[in-house]
Amino acid sequence: MDTLWHEIKTSHDVDIVYSILSDPDFFLTRIIEVENLQRMGQDVYSGKVTSMKARITVYRGAESTTFIFYMEPTGFARFTKGKVVRKFVVRKGENSIFIDFEKQLAVDAVWDEDAALLKTTLDRAVEELQMNGDEIIRLERVKRKI
């Protein structure tokens, strides 16, 4: 398994930043850019990612939150390509937050193009957080009143 990780340093309290970044509504829409996000159950979501249908299960913990993406192609591709599983972990560090992406979890096929698109999306979001993270977190704190 190949794991990529990003570190996000912040001047805000790490517990507060972790609570924001590990919130499924924030992570799935601001970081991964899931389209048509719908809550299906307490910790189960659905939507569209990189033009694939996705069911996302969230496992929350005090130190880390894991997002498992069960993805399958739409249209004609569903007859020629299998399903794929992707895993993201948001974890708390001492003075920063880490986001891990395991890119080689495959059920029926290895989706290198899909992994590349997800990695690009994650890289872009993390770059924005590294450049403007304090302001993004400040605005989110004001919005949530925390």
# chains A, B, ... in the order shown; residues from 1 in each chain; ligands from 1
>>> residues_around(residues="region 2-9 of chain A", least_positions_apart="6", cutoff="10 Å", atoms="only C-alpha atoms", output="MDAnalysis selection string")
chainID A and resid 17 87:105 119 122:123 126:127 129:131 133:134
>>> residues_around(residues="Arg138 (chain A)", least_positions_apart="5", cutoff="12 Å", atoms="only C-alpha atoms", output="list in words")
Thr10, Ser11, His12, Asp13, Ile16, Val17, Ile20, Leu129, Asn132, Gly133, Lys143, Arg144, Lys145 and Ile146 of chain A
>>> write_last_selection(atoms="N, CA and C atoms", output="PDB file, in the first residue's frame")
ATOM      1  N   THR A  10      -0.528  25.036  11.956  1.00  0.00           N
ATOM      2  CA  THR A  10      -1.484  26.090  12.245  1.00  0.00           C
ATOM      3  C   THR A  10      -1.117  26.814  13.525  1.00  0.00           C
ATOM      4  N   SER A  11      -1.559  28.045  13.635  1.00  0.00           N
ATOM      5  CA  SER A  11      -1.372  28.797  14.876  1.00  0.00           C
ATOM      6  C   SER A  11      -2.578  28.626  15.798  1.00  0.00           C
ATOM      7  N   HIS A  12      -3.629  27.992  15.302  1.00  0.00           N
ATOM      8  CA  HIS A  12      -4.827  27.737  16.110  1.00  0.00           C
ATOM      9  C   HIS A  12      -4.618  26.507  16.984  1.00  0.00           C
ATOM     10  N   ASP A  13      -5.469  26.341  17.964  1.00  0.00           N
ATOM     11  CA  ASP A  13      -5.438  25.165  18.824  1.00  0.00           C
ATOM     12  C   ASP A  13      -5.648  23.909  17.965  1.00  0.00           C
ATOM     13  N   ILE A  16      -9.069  22.172  17.992  1.00  0.00           N
ATOM     14  CA  ILE A  16     -10.124  22.864  17.234  1.00  0.00           C
ATOM     15  C   ILE A  16      -9.932  22.636  15.737  1.00  0.00           C
ATOM     16  N   VAL A  17      -8.697  22.736  15.265  1.00  0.00           N
ATOM     17  CA  VAL A  17      -8.425  22.499  13.842  1.00  0.00           C
ATOM     18  C   VAL A  17      -8.784  21.070  13.471  1.00  0.00           C
ATOM     19  N   ILE A  20     -12.498  20.630  13.078  1.00  0.00           N
ATOM     20  CA  ILE A  20     -12.996  21.199  11.812  1.00  0.00           C
ATOM     21  C   ILE A  20     -12.610  20.308  10.634  1.00  0.00           C
ATOM     22  N   LEU A 129      -4.761  25.222   2.281  1.00  0.00           N
ATOM     23  CA  LEU A 129      -4.743  25.259   3.744  1.00  0.00           C
ATOM     24  C   LEU A 129      -3.382  25.691   4.272  1.00  0.00           C
ATOM     25  N   ASN A 132      -3.351  29.613   3.294  1.00  0.00           N
ATOM     26  CA  ASN A 132      -4.405  30.446   3.885  1.00  0.00           C
ATOM     27  C   ASN A 132      -5.118  29.748   5.034  1.00  0.00           C
ATOM     28  N   GLY A 133      -4.509  28.725   5.590  1.00  0.00           N
ATOM     29  CA  GLY A 133      -5.179  27.896   6.587  1.00  0.00           C
ATOM     30  C   GLY A 133      -5.650  28.638   7.813  1.00  0.00           C
ATOM     31  N   LYS A 143     -17.962  30.931  11.977  1.00  0.00           N
ATOM     32  CA  LYS A 143     -19.207  30.330  11.485  1.00  0.00           C
ATOM     33  C   LYS A 143     -19.790  29.340  12.488  1.00  0.00           C
ATOM     34  N   ARG A 144     -18.927  28.539  13.118  1.00  0.00           N
ATOM     35  CA  ARG A 144     -19.378  27.519  14.081  1.00  0.00           C
ATOM     36  C   ARG A 144     -19.452  28.036  15.514  1.00  0.00           C
ATOM     37  N   LYS A 145     -18.953  29.244  15.715  1.00  0.00           N
ATOM     38  CA  LYS A 145     -18.932  29.857  17.058  1.00  0.00           C
ATOM     39  C   LYS A 145     -18.105  29.021  18.044  1.00  0.00           C
ATOM     40  N   ILE A 146     -16.894  28.647  17.594  1.00  0.00           N
ATOM     41  CA  ILE A 146     -15.983  27.908  18.490  1.00  0.00           C
ATOM     42  C   ILE A 146     -14.642  28.625  18.609  1.00  0.00           C
TER      43      ILE A 146
END
>>> closest_residue(among="A:Met40, A:Leu28, A:Val84, A:Val49", to="Thr66 (chain A)", atoms="only C-alpha atoms")
A:Leu28
>>> closest_residue(among="A:Tyr18, A:Val34, A:Glu128, A:Arg86", to="Ser46 (chain A)", atoms="only C-alpha atoms")
A:Val34
>>> closest_residue(among="A:Arg124, A:Val142, A:Asp15, A:Pro24", to="Thr65 (chain A)", atoms="only C-alpha atoms")
A:Pro24
>>> atom_distance(atom1="CA of Val85 (chain A)", atom2="CA of Tyr70 (chain A)")
4.7 Å
>>> residues_around(residues="region 51-59 of chain A", least_positions_apart="4", cutoff="7 Å", atoms="only C-alpha atoms", output="PyMOL selection string")
chain A and resi 43-47+65-74
>>> write_last_selection(atoms="C-alpha atoms", output="CSV table (one decimal), in the first residue's frame")
chain,number,residue,atom,x,y,z
A,43,ASP,CA,-21.6,8.1,9.5
A,44,VAL,CA,-22.4,7.2,5.9
A,45,TYR,CA,-22.5,9.6,3.0
A,46,SER,CA,-22.9,9.3,-0.8
A,47,GLY,CA,-21.9,11.6,-3.6
A,65,THR,CA,-10.8,10.1,11.7
A,66,THR,CA,-10.8,7.7,8.8
A,67,PHE,CA,-12.9,8.2,5.6
A,68,ILE,CA,-13.3,5.1,3.5
A,69,PHE,CA,-14.5,5.7,-0.1
A,70,TYR,CA,-16.2,2.8,-1.9
A,71,MET,CA,-16.2,4.0,-5.5
A,72,GLU,CA,-17.6,2.6,-8.7
A,73,PRO,CA,-17.7,4.0,-12.2
A,74,THR,CA,-20.8,5.3,-13.9
>>> closest_residue(among="A:Arg30, A:Lys48, A:Ser19, A:Thr120", to="Ala62 (chain A)", atoms="only C-alpha atoms")
A:Ser19
>>> select_by_dssp(residues="region 8-146 of chain A", states="alpha helix (DSSP H)", output="PyMOL selection string")
chain A and resi 14-21+24-26+77-80+112-144
>>> write_last_selection(atoms="N, CA and C atoms", output="compact mmCIF listing (two decimals), in the first residue's frame")
# COMPACT_ATOMS: atom_id res chain seq x y z
N VAL A 14 -4.76 22.93 18.10
CA VAL A 14 -4.79 21.73 17.26
C VAL A 14 -6.11 20.97 17.43
N ASP A 15 -6.65 20.94 18.64
CA ASP A 15 -7.92 20.23 18.87
C ASP A 15 -9.06 20.85 18.06
N ILE A 16 -9.07 22.17 17.99
CA ILE A 16 -10.12 22.86 17.23
C ILE A 16 -9.93 22.64 15.74
N VAL A 17 -8.70 22.74 15.26
CA VAL A 17 -8.42 22.50 13.84
C VAL A 17 -8.78 21.07 13.47
N TYR A 18 -8.43 20.11 14.34
CA TYR A 18 -8.79 18.71 14.09
C TYR A 18 -10.31 18.54 14.03
N SER A 19 -11.03 19.20 14.94
CA SER A 19 -12.50 19.05 14.94
C SER A 19 -13.10 19.60 13.64
N ILE A 20 -12.50 20.63 13.08
CA ILE A 20 -13.00 21.20 11.81
C ILE A 20 -12.61 20.31 10.63
N LEU A 21 -11.31 19.97 10.52
CA LEU A 21 -10.84 19.20 9.37
C LEU A 21 -11.39 17.78 9.35
N PRO A 24 -16.99 15.54 8.66
CA PRO A 24 -17.29 15.07 7.31
C PRO A 24 -17.83 16.15 6.38
N ASP A 25 -18.68 17.02 6.87
CA ASP A 25 -19.23 18.07 6.01
C ASP A 25 -18.13 18.99 5.49
N PHE A 26 -17.15 19.31 6.31
CA PHE A 26 -16.04 20.16 5.87
C PHE A 26 -15.07 19.37 5.00
N ALA A 77 -18.46 2.73 -18.41
CA ALA A 77 -17.28 2.26 -17.69
C ALA A 77 -17.63 1.23 -16.62
N ARG A 78 -18.86 1.25 -16.13
CA ARG A 78 -19.22 0.28 -15.08
C ARG A 78 -19.18 -1.15 -15.59
N PHE A 79 -19.23 -1.34 -16.92
CA PHE A 79 -19.16 -2.69 -17.48
C PHE A 79 -17.73 -3.14 -17.73
N THR A 80 -16.80 -2.20 -17.77
CA THR A 80 -15.43 -2.55 -18.12
C THR A 80 -14.44 -2.41 -16.97
N ASP A 112 -5.31 3.89 -11.33
CA ASP A 112 -4.24 4.88 -11.24
C ASP A 112 -4.73 6.28 -11.59
N GLU A 113 -5.59 6.40 -12.61
CA GLU A 113 -6.09 7.72 -13.01
C GLU A 113 -6.95 8.32 -11.91
N ASP A 114 -7.80 7.50 -11.31
CA ASP A 114 -8.64 7.95 -10.21
C ASP A 114 -7.77 8.40 -9.04
N ALA A 115 -6.76 7.60 -8.70
CA ALA A 115 -5.86 7.95 -7.60
C ALA A 115 -5.15 9.26 -7.89
N ALA A 116 -4.74 9.46 -9.12
CA ALA A 116 -4.05 10.70 -9.50
C ALA A 116 -4.98 11.90 -9.35
N LEU A 117 -6.26 11.75 -9.75
CA LEU A 117 -7.22 12.84 -9.62
C LEU A 117 -7.48 13.17 -8.15
N LEU A 118 -7.65 12.13 -7.33
CA LEU A 118 -7.87 12.37 -5.90
C LEU A 118 -6.65 13.01 -5.26
N LYS A 119 -5.47 12.55 -5.65
CA LYS A 119 -4.23 13.13 -5.10
C LYS A 119 -4.12 14.60 -5.50
N THR A 120 -4.44 14.93 -6.75
CA THR A 120 -4.38 16.31 -7.20
C THR A 120 -5.36 17.18 -6.43
N THR A 121 -6.57 16.67 -6.21
CA THR A 121 -7.58 17.40 -5.44
C THR A 121 -7.09 17.63 -4.02
N LEU A 122 -6.56 16.57 -3.40
CA LEU A 122 -6.05 16.68 -2.04
C LEU A 122 -4.87 17.65 -1.99
N ASP A 123 -3.94 17.54 -2.94
CA ASP A 123 -2.77 18.44 -2.97
C ASP A 123 -3.20 19.89 -3.06
N ARG A 124 -4.17 20.16 -3.92
CA ARG A 124 -4.65 21.54 -4.12
C ARG A 124 -5.30 22.08 -2.84
N ALA A 125 -6.11 21.25 -2.18
CA ALA A 125 -6.78 21.68 -0.94
C ALA A 125 -5.76 21.90 0.17
N VAL A 126 -4.79 21.00 0.28
CA VAL A 126 -3.77 21.13 1.32
C VAL A 126 -2.90 22.36 1.06
N GLU A 127 -2.57 22.60 -0.20
CA GLU A 127 -1.78 23.79 -0.53
C GLU A 127 -2.53 25.06 -0.11
N GLU A 128 -3.84 25.09 -0.38
CA GLU A 128 -4.64 26.24 0.05
C GLU A 128 -4.64 26.36 1.57
N LEU A 129 -4.76 25.22 2.28
CA LEU A 129 -4.74 25.26 3.74
C LEU A 129 -3.38 25.69 4.27
N GLN A 130 -2.31 25.29 3.61
CA GLN A 130 -0.98 25.69 4.05
C GLN A 130 -0.74 27.18 3.82
N MET A 131 -1.29 27.72 2.74
CA MET A 131 -1.11 29.15 2.44
C MET A 131 -2.09 30.03 3.22
N ASN A 132 -3.35 29.61 3.29
CA ASN A 132 -4.40 30.45 3.89
C ASN A 132 -5.12 29.75 5.03
N GLY A 133 -4.51 28.72 5.59
CA GLY A 133 -5.18 27.90 6.59
C GLY A 133 -5.65 28.64 7.81
N ASP A 134 -4.81 29.54 8.33
CA ASP A 134 -5.22 30.26 9.53
C ASP A 134 -6.49 31.07 9.29
N GLU A 135 -6.59 31.69 8.12
CA GLU A 135 -7.79 32.48 7.80
C GLU A 135 -8.99 31.57 7.55
N ILE A 136 -8.78 30.46 6.85
CA ILE A 136 -9.87 29.50 6.60
C ILE A 136 -10.40 28.96 7.92
N ILE A 137 -9.50 28.59 8.81
CA ILE A 137 -9.90 28.07 10.12
C ILE A 137 -10.58 29.16 10.94
N ARG A 138 -10.05 30.39 10.90
CA ARG A 138 -10.66 31.50 11.64
C ARG A 138 -12.10 31.72 11.18
N LEU A 139 -12.31 31.74 9.86
CA LEU A 139 -13.67 31.94 9.34
C LEU A 139 -14.59 30.78 9.72
N GLU A 140 -14.06 29.57 9.69
CA GLU A 140 -14.86 28.40 10.06
C GLU A 140 -15.19 28.44 11.56
N ARG A 141 -14.25 28.90 12.37
CA ARG A 141 -14.50 29.02 13.82
C ARG A 141 -15.59 30.05 14.08
N VAL A 142 -15.56 31.18 13.36
CA VAL A 142 -16.58 32.21 13.52
C VAL A 142 -17.93 31.63 13.11
N LYS A 143 -17.96 30.93 11.98
CA LYS A 143 -19.21 30.33 11.49
C LYS A 143 -19.79 29.34 12.49
N ARG A 144 -18.93 28.54 13.12
CA ARG A 144 -19.38 27.52 14.08
C ARG A 144 -19.45 28.04 15.51
>>> select_by_dssp(residues="chain A", states="strand (DSSP E or B)", output="JSON, numbers by chain")
{"A": [3, 4, 5, 6, 7, 8, 9, 35, 36, 37, 38, 39, 40, 41, 44, 45, 46, 47, 48, 49, 52, 53, 54, 55, 56, 57, 58, 59, 60, 64, 65, 66, 67, 68, 69, 70, 71, 72, 73, 84, 85, 86, 87, 88, 89, 90, 91, 92, 96, 97, 98, 99, 100, 101, 102, 106]}
